[in-house]
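Colleague: Quick one: the structure is below, questions incoming.
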Amino acid sequence: MQNNKTLNYADGILQAFTYLLENHKEVFVFGQGLWSPWYVGSTMKDLDKKFGVERVIDSPVSEVAVTGAAIGASVCGYRPIVVHPRVDFMILAIDQIVSQAAKWSSMFGGQVHPAVTIRGIVNRGGEQGAQHSQALHAWFAHVPGLRVVMPATARDARDLLIASVLCDDPVLYIDDRWLYEWEEEDPGIQLLNLSEVGPHVLKNGNDITIVAASFSTKLAMDAAKTLEEEGISVEVVDLRVINPIHWDVILESVQKTGRLLAVDGGWQSCGLAGEIIAGVMEHVPLAVMKASPKRLTLTNAPAPTSKVLEEIYYTQPSQIISAVKEMIGSKVHV
Amino acid sequence: MTTHLIESLGNLSDPLCYQEPINIVGENKEILLNELRIMWVIRKAEEKIAEQIISGAIKCPCHLGIGQEAAAVGVSAYLTPNDKVFGAHRSHSHFLALGGTLDSLFAEVLGKVTGCSKGMGGSMHLFDPSIGFHGSVPIVGGSVPIATGAGLAAKLSKKGEVAVSYFGDGAIEEGAVQESLNLASVMKLPVIFVCENNLFSSHLHIELRQPANTTARFAQANLIEHAVIDGNDVVTVRKTAQRAIEHARAGKGPFFIEAVTYRWRGHVGPSEDTDVGVKRGAELSVWRKRDPLSRLALALIQSNMLTEKTHTDIQEEVDSQIKEAWQNALNAPYPELSAILETVYAK
């Protein structure tokens with residue numbers, strides 16, 4: 001593979017598909033738009049031509065049957081990847097994801113594991129509105145039996161997709177189109193065991209811990225860079241896998257900094273940011289905390305269309321910067 | 001393929017019809033006797049379960065298929081353990097007809113670790129891939145897309161395997177089933193869709209739920225080869241299933257069997273004359289005359305292939321199997337408490 005070149009997120013996903021289809025004959029891909037690059041950007045470019053339409057299968061507009069069929073093939077020895085070009089449409093298949101794939105191992109006594117990967121794409125902005133913009137990862141992270149993966153970086157986009165597909169459990173892999181151009185240095189493919197993958201420190205710092213996933217991690221990194229120039233040292237913990245969560249790295253970071261800001265691209269109520277704060281506060285002594293924890297999430301409304309409303313709807317780095325400054329200047333509320 | 005739309009089951013939904021002994025002309029005696037014996041195993045196993053729900057020994061919801069035994073026995077005749085069969089909430093018969101053991105069924109219903117799902121599934125979640133039974137689930141229509149995917153796997157692996165999807169007339173009202181029929185047809189997947197139309201979904205008769213009482217019209221709409229048959233005639237079911245399986249194995253795509261039948265107990269539980277609050281005693285007493293067991297037994301007796309004495313011997317032998325299996329299940333241990341977390345993810 002390549003050495004120390006740069007890789008962007010979209011190419012990372014494409015490399016993962018290529019690696020999987022080249023090296024694992026039990027892998028196939030199934031979903032809407034796979035023979036049209038319009039649906040999935042450049043992340044699946046020419047896979048149908050390279051690996052054949054028998055293994056890269058464009059499908060009818062049938063989210064339930066296609067997702068269920070992939071689960072069915074997975075219990076017969078295949079490792080299918082289902083592609084839902086928008087999370088909004090994936091909701092139609094929720095019975096198959098939540099009540100079937102996530103349950104089969106448990107309810108059949110651990111004798112079968114649906115080794116299916118369901119790729120849901122978060123695709124928002126551009127005035128797409130309420131039914132084309134949703135990020136509902138928190139719903140799925142609620143469910144035992146599902147692994148939920150949300151890569152932020154290009155290497156993770158690739159390496160965690162490979163790990164998801166080679167994992168024996170059902171995995172929901174959620175990528176975000178706003179990250180497709182984000183680049184990083186790339187030492188080449190790293191094969192990971194998904195059950196061992198947890199949060200990692202993407203940027204070291206001492207004054208505050210920001211925990212985020214997916215595109216929120218990029219926002220945190222952008223904010224951290226600005227704050228660094230102003231003399232505030234931010235540690236960014238990228239979650240990577242949001243169910244089940246491995247807590248050690250997050251707890252260690254907050255123990256060190258004494259401050260926690262959770263940033264999430266979903267809504268606040270019963271969401272991922274609240275889960276992070278709760279999980280930390282259960283384990284880190286109050287005496288360690290230098291400020292009350294805080295969360296930044298989407299505005300509590302369906303996604304708007306008008307661009308002026310979109311600007312206030314989605315979290316901006318400036319909001320993270322303000323929140324961090326406020327927390328650094330504040331004390332724990334007792 | 002029929003070119004006109006099937007709009008009615010006709011005589012198949014009239015309980016006064018199809019009461020006579022079934023036609024066994026030219027049929028093999030040993031096969032028929034074996035089918036009779038398996039149907040008795042299924043019937044008596046479910047009667048045992050009904051009895052033990054009443055006694056309080058069984059707590060989990062059990063959907064009994066007493067009266068519907070012929071469909072599963074006929075469909076299973078030409079399947080091999082490499083084929084992939086999926087069931088639904090009323091699947092004891094599907095499991096036993098493929099060779100699932102009484103011990104593992106009873107233990108599962110009691111939540112014992114020797115059960116077919118290690119005591120983690122109960123009556124509604126049965127699993128035994130060694131016989132080709134890859135799972136039953138009680139979300140109505142939930143396993144139909146999964147069976148369709150097993151058909152896709154069979155098509156990709158090119159070994160001539162087929163998938164079987166059992167569901168009822170209620171499931172045909174689910175979008176998941178419509179999507180699956182379309183997908184299986186357009187991709188020419190080797191899936192045998194078996195709709196056991198017992199005319200009821202829970203308490204509600206099909207005529208109050210659908211504009212026609214036959215579900216095969218959805219097969220027609222999706223250009224799927226189909227047959228609408230007396231589901232209480234094991235020979236007819238077996239011959240139809242043979243045709244369906246050969247069709248699918250030959251790469252000609254899916255097949256839809258509508259097996260018309262009737263359940264003698266309520267939607268869930270042991271009750272005989274009420275069905276989730278709805279009395280249907282008078283209708284049931286007529287339907288009982290379309291009994292798949294007595295119609296086969298009488299045909300065998302009239303053809304001198306069976307005596308009353310042999311028939312009694314078969315039933316007594318099954319009784320003793322049931323008794324022993326039930327005792328084994330009672331004696332079996334419950335799952336370790338650690339199983340609740342250990343089964344959530346693969347090791």
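All residue names refer to the structure tokens as shown: chains lettered A, B, ... in order, residues numbered from 1 in each chain, ligands numbered from 1 in order.
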Using only C-alpha atoms, find which residues of chain B lie within 10 Å of chain A and jot them down as a ChimeraX atom specification.
Modeller: /B:84,86,113,115-122,124-129,134-137,139,142-154,156-157,163,175-184,186-187,335,339-347
Colleague: For the selection just defined, write its residues with C-alpha atoms to a file, as a tab-separated table (two decimals), in the first residue's frame.
Modeller:
chain	number	residue	atom	x	y	z
B	84	LYS	CA	-32.47	-22.36	4.40
B	86	PHE	CA	-37.23	-19.30	8.06
B	113	VAL	CA	-30.33	-24.36	28.19
B	115	GLY	CA	-33.38	-25.76	24.06
B	116	CYS	CA	-32.77	-25.22	20.37
B	117	SER	CA	-31.94	-21.56	21.12
B	118	LYS	CA	-30.12	-22.37	24.39
B	119	GLY	CA	-33.11	-21.18	26.37
B	120	MET	CA	-32.73	-17.63	25.04
B	121	GLY	CA	-35.60	-17.69	22.54
B	122	GLY	CA	-38.72	-19.45	23.77
B	124	MET	CA	-41.25	-17.57	19.14
B	125	HIS	CA	-37.51	-17.77	18.40
B	126	LEU	CA	-36.58	-21.25	17.21
B	127	PHE	CA	-33.26	-22.07	15.56
B	128	ASP	CA	-31.51	-25.23	14.39
B	129	PRO	CA	-29.29	-24.85	11.32
B	134	HIS	CA	-32.33	-20.77	10.34
B	135	GLY	CA	-34.70	-18.93	12.57
B	136	SER	CA	-38.26	-17.94	13.37
B	137	VAL	CA	-39.23	-14.47	14.58
B	139	ILE	CA	-42.38	-9.59	14.10
B	142	GLY	CA	-39.93	-9.80	9.75
B	143	SER	CA	-38.23	-12.95	8.50
B	144	VAL	CA	-39.50	-12.66	4.92
B	145	PRO	CA	-36.76	-10.21	3.78
B	146	ILE	CA	-34.21	-12.34	5.62
B	147	ALA	CA	-35.33	-15.50	3.82
B	148	THR	CA	-35.15	-13.52	0.59
B	149	GLY	CA	-31.52	-12.73	1.44
B	150	ALA	CA	-30.86	-16.41	2.06
B	151	GLY	CA	-32.14	-16.85	-1.48
B	152	LEU	CA	-29.68	-14.22	-2.65
B	153	ALA	CA	-26.88	-16.08	-0.85
B	154	ALA	CA	-28.00	-19.31	-2.52
B	156	LEU	CA	-24.48	-16.20	-5.32
B	157	SER	CA	-23.04	-19.51	-4.09
B	163	ALA	CA	-34.68	-20.64	0.79
B	175	GLY	CA	-44.74	-3.71	3.28
B	176	ALA	CA	-41.73	-5.88	4.09
B	177	VAL	CA	-43.41	-8.80	2.32
B	178	GLN	CA	-44.38	-6.74	-0.72
B	179	GLU	CA	-40.81	-5.48	-1.05
B	180	SER	CA	-39.48	-9.02	-0.69
B	181	LEU	CA	-41.76	-10.47	-3.37
B	182	ASN	CA	-40.69	-7.73	-5.78
B	183	LEU	CA	-37.00	-8.16	-4.96
B	184	ALA	CA	-37.07	-11.96	-5.23
B	186	VAL	CA	-36.71	-9.06	-10.21
B	187	MET	CA	-33.49	-10.78	-9.02
B	335	PRO	CA	-29.06	-21.03	31.21
B	339	ALA	CA	-25.60	-15.92	29.13
B	340	ILE	CA	-27.57	-12.66	29.07
B	341	LEU	CA	-24.44	-10.62	28.38
B	342	GLU	CA	-22.34	-13.27	26.65
B	343	THR	CA	-24.78	-13.68	23.76
B	344	VAL	CA	-25.14	-10.00	22.81
B	345	TYR	CA	-22.02	-9.85	20.64
B	346	ALA	CA	-19.84	-12.47	18.98
B	347	LYS	CA	-16.83	-13.51	21.01
Colleague: What's the 12 Å shell around B:Phe255, counting only C-alpha atoms, without same-chain residues fewer than 2 positions away, as a short mmCIF file (atom, residue, chain, number, x, y, z; two decimals) with C-alpha atoms, in the first residue's frame?
Modeller:
data_model
loop_
_atom_site.label_atom_id
_atom_site.label_comp_id
_atom_site.auth_asym_id
_atom_site.auth_seq_id
_atom_site.Cartn_x
_atom_site.Cartn_y
_atom_site.Cartn_z
CA MET B 1 -48.91 -18.46 -15.32
CA THR B 148 -35.15 -13.52 0.59
CA GLY B 151 -32.14 -16.85 -1.48
CA VAL B 162 -33.20 -22.82 -1.95
CA ALA B 163 -34.68 -20.64 0.79
CA VAL B 164 -38.13 -21.11 2.27
CA SER B 165 -40.11 -18.33 3.89
CA LEU B 181 -41.76 -10.47 -3.37
CA ALA B 184 -37.07 -11.96 -5.23
CA SER B 185 -38.85 -11.75 -8.57
CA LYS B 188 -34.82 -14.30 -9.79
CA LEU B 189 -33.94 -15.56 -6.32
CA PRO B 190 -34.57 -19.21 -5.36
CA VAL B 191 -37.11 -18.49 -2.63
CA ILE B 192 -40.23 -20.53 -1.89
CA PHE B 193 -42.76 -18.22 -0.26
CA VAL B 194 -45.23 -20.31 1.73
CA CYS B 195 -48.28 -18.39 2.87
CA ALA B 216 -51.72 -15.23 -4.21
CA PHE B 218 -49.63 -10.50 -4.74
CA ALA B 219 -47.60 -13.25 -6.39
CA GLN B 220 -49.43 -12.50 -9.62
CA ASN B 222 -44.99 -9.62 -8.96
CA LEU B 223 -45.03 -12.18 -11.80
CA ILE B 224 -44.14 -15.03 -9.43
CA GLU B 225 -45.17 -18.59 -10.26
CA HIS B 226 -47.76 -19.66 -7.73
CA ALA B 227 -50.27 -22.27 -6.63
CA VAL B 228 -53.31 -21.95 -4.39
CA THR B 240 -46.77 -28.52 -5.02
CA ALA B 241 -43.64 -28.01 -2.94
CA GLN B 242 -41.75 -30.42 -5.17
CA ARG B 243 -42.72 -28.35 -8.19
CA ALA B 244 -41.77 -25.13 -6.39
CA ILE B 245 -38.42 -26.43 -5.20
CA GLU B 246 -37.48 -27.84 -8.61
CA HIS B 247 -38.43 -24.49 -10.17
CA ALA B 248 -36.23 -22.59 -7.72
CA ARG B 249 -33.31 -25.04 -7.87
CA ALA B 250 -33.34 -24.77 -11.64
CA GLY B 251 -32.71 -21.02 -11.41
CA LYS B 252 -36.18 -20.03 -12.55
CA GLY B 253 -36.74 -17.70 -9.59
CA ILE B 257 -47.56 -21.35 -2.41
CA GLU B 258 -50.79 -20.29 -0.77
#
Colleague: Please provide the set of residues having any atom within 9 Å of A:Val324, restricted to only C-alpha atoms, with same-chain residues fewer than 3 positions apart removed, written as an mmCIF file with C-alpha atoms, in the first residue's frame.
Modeller:
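Written out: around03.cif:
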data_model
loop_
_atom_site.group_PDB
_atom_site.id
_atom_site.type_symbol
_atom_site.label_atom_id
_atom_site.label_comp_id
_atom_site.auth_asym_id
_atom_site.auth_seq_id
_atom_site.Cartn_x
_atom_site.Cartn_y
_atom_site.Cartn_z
ATOM 1 C CA ILE A 208 -10.311 21.070 28.567
ATOM 2 C CA ILE A 210 -13.786 17.999 23.964
ATOM 3 C CA LEU A 227 -8.015 28.322 20.831
ATOM 4 C CA ILE A 232 -5.954 27.593 25.550
ATOM 5 C CA VAL A 234 -7.650 21.699 24.183
ATOM 6 C CA LEU A 261 -17.429 19.673 26.528
ATOM 7 C CA GLN A 319 -19.836 28.292 19.312
ATOM 8 C CA ILE A 320 -17.308 25.737 20.510
ATOM 9 C CA ILE A 321 -14.758 28.488 21.045
ATOM 10 C CA MET A 327 -15.982 27.002 30.846
ATOM 11 C CA ILE A 328 -12.360 27.988 31.406
ATOM 12 C CA GLY A 329 -13.576 31.117 33.176
#
Colleague: Taking only stretch 39-222 of chain A into account, list the residues labelled strand (DSSP E) by DSSP (computed from the backbone), as an mmCIF file with N, CA, C and O atoms, in the first residue's frame.
Modeller:
data_model
loop_
_atom_site.group_PDB
_atom_site.id
_atom_site.type_symbol
_atom_site.label_atom_id
_atom_site.label_comp_id
_atom_site.auth_asym_id
_atom_site.auth_seq_id
_atom_site.Cartn_x
_atom_site.Cartn_y
_atom_site.Cartn_z
ATOM 1 N N VAL A 56 -21.694 -5.880 -6.732
ATOM 2 C CA VAL A 56 -22.002 -4.487 -6.391
ATOM 3 C C VAL A 56 -23.379 -4.246 -7.002
ATOM 4 O O VAL A 56 -23.519 -3.939 -8.176
ATOM 5 N N ILE A 57 -24.400 -4.458 -6.154
ATOM 6 C CA ILE A 57 -25.762 -4.616 -6.666
ATOM 7 C C ILE A 57 -26.591 -3.372 -6.378
ATOM 8 O O ILE A 57 -26.843 -3.033 -5.227
ATOM 9 N N ASP A 58 -27.010 -2.693 -7.438
ATOM 10 C CA ASP A 58 -27.951 -1.582 -7.289
ATOM 11 C C ASP A 58 -29.328 -2.200 -7.066
ATOM 12 O O ASP A 58 -29.632 -3.262 -7.613
ATOM 13 N N ARG A 79 -20.665 -11.584 3.913
ATOM 14 C CA ARG A 79 -20.443 -10.349 4.684
ATOM 15 C C ARG A 79 -20.901 -9.171 3.838
ATOM 16 O O ARG A 79 -20.089 -8.440 3.267
ATOM 17 N N PRO A 80 -22.207 -8.986 3.759
ATOM 18 C CA PRO A 80 -22.720 -7.928 2.884
ATOM 19 C C PRO A 80 -22.561 -6.541 3.508
ATOM 20 O O PRO A 80 -22.528 -6.399 4.729
ATOM 21 N N ILE A 81 -22.468 -5.549 2.636
ATOM 22 C CA ILE A 81 -22.523 -4.146 3.058
ATOM 23 C C ILE A 81 -23.769 -3.552 2.395
ATOM 24 O O ILE A 81 -23.890 -3.559 1.169
ATOM 25 N N VAL A 82 -24.700 -3.084 3.215
ATOM 26 C CA VAL A 82 -25.875 -2.407 2.680
ATOM 27 C C VAL A 82 -25.563 -0.923 2.665
ATOM 28 O O VAL A 82 -25.004 -0.403 3.628
ATOM 29 N N VAL A 83 -25.936 -0.241 1.599
ATOM 30 C CA VAL A 83 -25.676 1.190 1.517
ATOM 31 C C VAL A 83 -27.009 1.949 1.491
ATOM 32 O O VAL A 83 -27.855 1.689 0.640
ATOM 33 N N HIS A 84 -27.168 2.847 2.468
ATOM 34 C CA HIS A 84 -28.312 3.769 2.469
ATOM 35 C C HIS A 84 -27.753 5.168 2.240
ATOM 36 O O HIS A 84 -27.117 5.738 3.133
ATOM 37 N N THR A 117 -22.843 -5.266 7.525
ATOM 38 C CA THR A 117 -22.507 -3.866 7.776
ATOM 39 C C THR A 117 -23.521 -2.996 7.051
ATOM 40 O O THR A 117 -23.763 -3.186 5.854
ATOM 41 N N ILE A 118 -24.118 -2.070 7.787
ATOM 42 C CA ILE A 118 -25.113 -1.180 7.199
ATOM 43 C C ILE A 118 -24.502 0.211 7.174
ATOM 44 O O ILE A 118 -24.210 0.789 8.220
ATOM 45 N N ARG A 119 -24.280 0.698 5.970
ATOM 46 C CA ARG A 119 -23.673 2.025 5.835
ATOM 47 C C ARG A 119 -24.776 3.067 5.642
ATOM 48 O O ARG A 119 -25.523 3.008 4.665
ATOM 49 N N GLY A 120 -24.862 4.001 6.584
ATOM 50 C CA GLY A 120 -25.825 5.095 6.463
ATOM 51 C C GLY A 120 -25.055 6.383 6.294
ATOM 52 O O GLY A 120 -24.110 6.646 7.033
ATOM 53 N N ILE A 121 -25.432 7.181 5.318
ATOM 54 C CA ILE A 121 -24.675 8.402 5.034
ATOM 55 C C ILE A 121 -25.447 9.616 5.550
ATOM 56 O O ILE A 121 -26.625 9.780 5.253
ATOM 57 N N VAL A 122 -24.756 10.432 6.338
ATOM 58 C CA VAL A 122 -25.328 11.711 6.757
ATOM 59 C C VAL A 122 -25.012 12.704 5.642
ATOM 60 O O VAL A 122 -23.858 12.908 5.284
ATOM 61 N N ARG A 147 -23.191 -2.639 16.781
ATOM 62 C CA ARG A 147 -22.026 -1.782 16.940
ATOM 63 C C ARG A 147 -22.254 -0.572 16.031
ATOM 64 O O ARG A 147 -22.669 -0.742 14.882
ATOM 65 N N VAL A 148 -22.017 0.616 16.557
ATOM 66 C CA VAL A 148 -22.252 1.823 15.768
ATOM 67 C C VAL A 148 -20.926 2.575 15.625
ATOM 68 O O VAL A 148 -20.318 2.962 16.617
ATOM 69 N N VAL A 149 -20.508 2.729 14.376
ATOM 70 C CA VAL A 149 -19.188 3.284 14.054
ATOM 71 C C VAL A 149 -19.384 4.628 13.358
ATOM 72 O O VAL A 149 -20.176 4.733 12.423
ATOM 73 N N VAL A 171 -23.035 -4.195 12.203
ATOM 74 C CA VAL A 171 -22.431 -2.887 12.437
ATOM 75 C C VAL A 171 -23.167 -1.833 11.623
ATOM 76 O O VAL A 171 -23.424 -2.026 10.431
ATOM 77 N N LEU A 172 -23.501 -0.731 12.293
ATOM 78 C CA LEU A 172 -23.999 0.428 11.575
ATOM 79 C C LEU A 172 -22.824 1.389 11.422
ATOM 80 O O LEU A 172 -22.267 1.860 12.419
ATOM 81 N N TYR A 173 -22.428 1.622 10.172
ATOM 82 C CA TYR A 173 -21.282 2.491 9.866
ATOM 83 C C TYR A 173 -21.852 3.775 9.269
ATOM 84 O O TYR A 173 -22.506 3.731 8.217
ATOM 85 N N ILE A 174 -21.633 4.887 9.967
ATOM 86 C CA ILE A 174 -22.225 6.154 9.528
ATOM 87 C C ILE A 174 -21.118 7.114 9.097
ATOM 88 O O ILE A 174 -20.246 7.454 9.895
ATOM 89 N N ASP A 175 -21.142 7.506 7.839
ATOM 90 C CA ASP A 175 -20.166 8.492 7.375
ATOM 91 C C ASP A 175 -20.895 9.794 7.015
ATOM 92 O O ASP A 175 -22.103 9.804 6.789
ATOM 93 N N ASP A 176 -20.140 10.876 6.986
ATOM 94 C CA ASP A 176 -20.729 12.207 6.812
ATOM 95 C C ASP A 176 -20.109 12.877 5.590
ATOM 96 O O ASP A 176 -18.882 13.014 5.513
ATOM 97 N N GLU A 183 -8.451 15.682 4.867
ATOM 98 C CA GLU A 183 -7.257 14.877 4.556
ATOM 99 C C GLU A 183 -6.397 14.646 5.788
ATOM 100 O O GLU A 183 -6.446 15.402 6.742
ATOM 101 N N GLU A 184 -5.587 13.618 5.695
ATOM 102 C CA GLU A 184 -4.521 13.421 6.693
ATOM 103 C C GLU A 184 -3.424 12.560 6.077
ATOM 104 O O GLU A 184 -3.598 11.965 5.024
ATOM 105 N N GLU A 185 -2.306 12.527 6.768
ATOM 106 C CA GLU A 185 -1.195 11.660 6.351
ATOM 107 C C GLU A 185 -1.633 10.216 6.470
ATOM 108 O O GLU A 185 -2.367 9.849 7.385
ATOM 109 N N ASP A 186 -1.158 9.402 5.548
ATOM 110 C CA ASP A 186 -1.635 8.022 5.552
ATOM 111 C C ASP A 186 -0.486 7.030 5.478
ATOM 112 O O ASP A 186 0.180 6.925 4.457
ATOM 113 N N HIS A 200 -10.010 7.711 20.702
ATOM 114 C CA HIS A 200 -8.601 8.044 20.834
ATOM 115 C C HIS A 200 -8.403 9.563 20.879
ATOM 116 O O HIS A 200 -9.270 10.342 20.476
ATOM 117 N N VAL A 201 -7.243 9.942 21.429
ATOM 118 C CA VAL A 201 -6.938 11.361 21.562
ATOM 119 C C VAL A 201 -6.399 11.834 20.217
ATOM 120 O O VAL A 201 -5.344 11.401 19.760
ATOM 121 N N LEU A 202 -7.142 12.726 19.586
ATOM 122 C CA LEU A 202 -6.744 13.204 18.269
ATOM 123 C C LEU A 202 -5.800 14.406 18.403
ATOM 124 O O LEU A 202 -4.982 14.665 17.537
ATOM 125 N N LYS A 203 -5.968 15.126 19.507
ATOM 126 C CA LYS A 203 -5.079 16.261 19.784
ATOM 127 C C LYS A 203 -4.895 16.352 21.297
ATOM 128 O O LYS A 203 -5.864 16.325 22.041
ATOM 129 N N ILE A 208 -8.926 21.523 28.736
ATOM 130 C CA ILE A 208 -10.311 21.070 28.567
ATOM 131 C C ILE A 208 -10.336 19.866 27.618
ATOM 132 O O ILE A 208 -9.498 19.767 26.714
ATOM 133 N N THR A 209 -11.287 18.973 27.855
ATOM 134 C CA THR A 209 -11.495 17.827 26.951
ATOM 135 C C THR A 209 -12.750 18.074 26.122
ATOM 136 O O THR A 209 -13.809 18.356 26.686
ATOM 137 N N ILE A 210 -12.590 17.997 24.815
ATOM 138 C CA ILE A 210 -13.786 17.999 23.964
ATOM 139 C C ILE A 210 -13.958 16.584 23.422
ATOM 140 O O ILE A 210 -13.030 16.024 22.832
ATOM 141 N N VAL A 211 -15.139 16.002 23.661
ATOM 142 C CA VAL A 211 -15.445 14.677 23.133
ATOM 143 C C VAL A 211 -16.446 14.844 21.997
ATOM 144 O O VAL A 211 -17.465 15.538 22.157
ATOM 145 N N ALA A 212 -16.151 14.211 20.868
ATOM 146 C CA ALA A 212 -17.023 14.353 19.702
ATOM 147 C C ALA A 212 -16.873 13.125 18.814
ATOM 148 O O ALA A 212 -16.025 12.261 19.066
#
Colleague: Any idea what the distance is between atom CA of B:Lys155 and atom CA of B:Phe256?
Modeller: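 Calculated distance between atom CA of B:Lys155 and atom CA of B:Phe256 is 17.6 Å.
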Colleague: Identify all residues of stretch 117-310 of chain A in helix (DSSP H, G or I) (DSSP on the backbone) and supply them as a PyMOL selection string.
Modeller: chain A and resi 137-141+154-166+177-179+194-196+215-229+248-257+272-281+286-288+307-310
Colleague: Compile the contact shell of B:Asn304 as a PyMOL selection string: residues with an atom at most 10 Å away, counting only C-alpha atoms, same-chain residues fewer than 5 positions apart removed.
Modeller: chain B and resi 29+298-299
Colleague: Hey, can you check how far atom CA of B:Gly87 sits from atom CA of B:Ala171?
Modeller: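 Atom CA of B:Ala171 lies 11.7 Å from atom CA of B:Gly87.
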Colleague: Tell me, as a ChimeraX atom specification, which residues lie within 9 Å of B:Arg290, counting only C-alpha atoms; anything in the same chain fewer than 6 positions away does not count.
Modeller: /B:15-20,67,232-233,261-262
Colleague: Output C-alpha atoms for every residue in the selection just made, as a PDB file, in the first residue's frame.
Modeller:
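part-v6.pdb was written with the following content:
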ATOM      1  CA  PRO B  15     -65.276 -25.430   5.385  1.00  0.00           C
ATOM      2  CA  LEU B  16     -68.016 -27.697   4.060  1.00  0.00           C
ATOM      3  CA  CYS B  17     -65.724 -28.601   1.163  1.00  0.00           C
ATOM      4  CA  TYR B  18     -62.542 -30.682   1.244  1.00  0.00           C
ATOM      5  CA  GLN B  19     -63.721 -32.847   4.135  1.00  0.00           C
ATOM      6  CA  GLU B  20     -63.309 -36.194   2.346  1.00  0.00           C
ATOM      7  CA  GLY B  67     -54.986 -28.074  12.491  1.00  0.00           C
ATOM      8  CA  ASN B 232     -54.717 -29.560   4.820  1.00  0.00           C
ATOM      9  CA  ASP B 233     -53.908 -32.172   2.156  1.00  0.00           C
ATOM     10  CA  THR B 261     -55.824 -23.958   6.260  1.00  0.00           C
ATOM     11  CA  TYR B 262     -57.417 -23.147   9.603  1.00  0.00           C
TER      12      TYR B 262
END
Colleague: If you count only C-alpha atoms, which residues fall within 9 Å of A:Gln190, apart from same-chain ones fewer than 5 positions away, as a list in words?
Modeller: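 Neighbouring residues, sequence-local ones excluded: Arg155, Arg158 and Asp159 of chain A.
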